[in-house]
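These notes concern the structure reproduced below.
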Amino acid sequence: DGGITQSPKYLFRKEGQNVTLSCEQNLNHDAMYWYRQDPGQGLRLIYYSQIVNDFQKGDIAEGYSVSREKKESFPLTVTSAQKNPTAFYLCASSPPGRADTGELFFGEGSRLTVL
Amino acid sequence: QKEVEQDPGPLSVPEGAIVSLNCTYSNSAFQYFMWYRQYSRKGPELLMYTYSSGNKEDGRFTAQVDKSSKYISLFIRDSQPSDSATYLCAMNWGGGADGLTFGKGTHLIIQP
């Protein structure tokens, strides 16, 4: 089955630690995205990538980093510089030719809790 | 300006009722309109997609866009308990991936 796999589903981190969230897709989509979801707030874009070896900052990129070395993979690192990292993180991809419209396929999400 | 307004609810209705979910927006450049459904602790899934004004129907779901009023709606007929979820509206002006703006979501509860 084609889809987007995020891991881990739940993650606990101590303050000051970096953590990396995995996102893998087998949909052959070029465009991939990372969103953050907080209670009472809409999804906010962290980073996105339209093509391998290229990525762009979204609205809330500070304290996060990404890489796009393979088409299938778009990992997100939450660094110690992120002041409020506890949130639900969602990875998404967009079919070819649909990146401009906003049709997204989402993974199941990763819930990060900072202790 | 990126602003989309959506009542967070919760909206609780009895099974079988017609549900109306709505969003308003301020950016007249938006032309792609979507509804996503998100079950608890899951990722959103695309439910309906509409380009520009008009209606679109898919089974029990109907999406309406009124660009003159900057108002979009999702109607659910014959609502089922399995429809209980958070519904997110989203819209884009079509200029790129960073142009997508989401509403905060409406939490819908269908009572058996």
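So you can find residues: chains in the structure tokens are A, B, ... in the order shown, residues in each start at 1, and ligands are numbered from 1 in order.
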
Near range 67-83 of chain A, counting only C-alpha atoms, which residues have an atom at most 9 Å away, once you skip same-chain residues fewer than 5 positions from it, shown as a count of residues only? 30

Pull the helix (DSSP H, G or I) assignments for chain B out of DSSP run on the backbone, and list those residues as a JSON list (two decimals) with N, CA, C and O atoms, in the first residue's frame.
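Listing of result39.json after writing:
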```json
[["chain", "number", "residue", "atom", "x", "y", "z"],
["B", 81, "PRO", "N", -22.15, 8.16, 13.40],
["B", 81, "PRO", "CA", -21.15, 8.30, 14.48],
["B", 81, "PRO", "C", -19.72, 8.26, 13.96],
["B", 81, "PRO", "O", -18.84, 8.91, 14.52],
["B", 82, "SER", "N", -19.49, 7.54, 12.86],
["B", 82, "SER", "CA", -18.15, 7.48, 12.28],
["B", 82, "SER", "C", -17.71, 8.80, 11.66],
["B", 82, "SER", "O", -16.54, 8.97, 11.32],
["B", 83, "ASP", "N", -18.64, 9.74, 11.51],
["B", 83, "ASP", "CA", -18.28, 11.07, 11.02],
["B", 83, "ASP", "C", -17.70, 11.95, 12.13],
["B", 83, "ASP", "O", -17.22, 13.06, 11.87],
["B", 97, "ALA", "N", 3.56, 26.01, -2.49],
["B", 97, "ALA", "CA", 3.29, 25.18, -1.33],
["B", 97, "ALA", "C", 3.12, 25.98, -0.06],
["B", 97, "ALA", "O", 2.39, 25.58, 0.85],
["B", 98, "ASP", "N", 3.77, 27.12, 0.05],
["B", 98, "ASP", "CA", 3.66, 27.89, 1.28],
["B", 98, "ASP", "C", 2.43, 28.79, 1.30],
["B", 98, "ASP", "O", 2.24, 29.55, 2.23],
["B", 99, "GLY", "N", 1.59, 28.70, 0.26],
["B", 99, "GLY", "CA", 0.39, 29.52, 0.22],
["B", 99, "GLY", "C", -0.82, 28.87, 0.86],
["B", 99, "GLY", "O", -1.89, 29.46, 0.94]]
```

Quick one: residues within 9 Å of Thr86 in chain A, only C-alpha atoms, excluding same-chain residues fewer than 6 positions away - as a list of chain:residue names?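 Using only C-alpha atoms, the neighbours found are A:Asp38, A:Arg111, A:Leu112, A:Thr113, A:Val114, A:Leu115.
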
Can you pull out every residue within 9 Å of Ser84 in chain B, counting only C-alpha atoms, but drop anything in the same chain fewer than 2 positions away, and send it as a list in words?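 The residues satisfying every condition are Tyr39, Ser79, Gln80, Pro81, Ser82, Thr86, His107, Leu108, Ile109, Ile110 and Gln111 of chain B.
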
Just list the residues in chain B DSSP gives strand (DSSP E or B) on the backbone, as number ranges by chain. B: 4-5, 11-14, 19-25, 32-38, 45-51, 54-58, 61-66, 71-76, 85-92, 101-102, 106-111

Could you check the closest approach to chain A for each of B:Leu46, B:Val13, B:Ala85, B:Cys23 and tell me which residue wins, using only C-alpha atoms? B:Leu46

Chain B contacts on chain A, only C-alpha atoms, 12 Å, as an NGL selection string: :A and (3-6 or 9-10 or 30-50 or 55-60 or 87-95 or 97-111)

Write out as a CSV table (one decimal) with N, CA, C and O atoms, in the first residue's frame the residues lying within 6 Å of Thr62 in chain B, counting only C-alpha atoms and excluding same-chain residues fewer than 2 positions away.
```csv
chain,number,residue,atom,x,y,z
B,56,LYS,N,-19.8,21.0,-5.0
B,56,LYS,CA,-19.3,19.7,-5.4
B,56,LYS,C,-19.8,18.7,-4.4
B,56,LYS,O,-19.8,18.9,-3.2
B,57,GLU,N,-20.3,17.6,-5.0
B,57,GLU,CA,-21.0,16.6,-4.2
B,57,GLU,C,-20.2,15.3,-4.3
B,57,GLU,O,-19.8,14.9,-5.4
B,74,LEU,N,-19.2,22.9,4.3
B,74,LEU,CA,-19.3,21.5,4.1
B,74,LEU,C,-20.5,21.0,4.7
B,74,LEU,O,-20.8,21.2,5.9
B,75,PHE,N,-21.4,20.3,3.9
B,75,PHE,CA,-22.6,19.7,4.4
B,75,PHE,C,-22.4,18.2,4.5
B,75,PHE,O,-21.9,17.6,3.5
```

By how many Å are CA of Asn22 in chain B and CA of Asp7 in chain B apart?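 Those two atoms sit 7.6 Å apart.
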
Work out how far apart CA of Asp58 in chain B and CA of Arg37 in chain B are and give it in Å to one decimal.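 So the two atoms, CA of Asp58 in chain B and CA of Arg37 in chain B, lie 14.2 Å apart.
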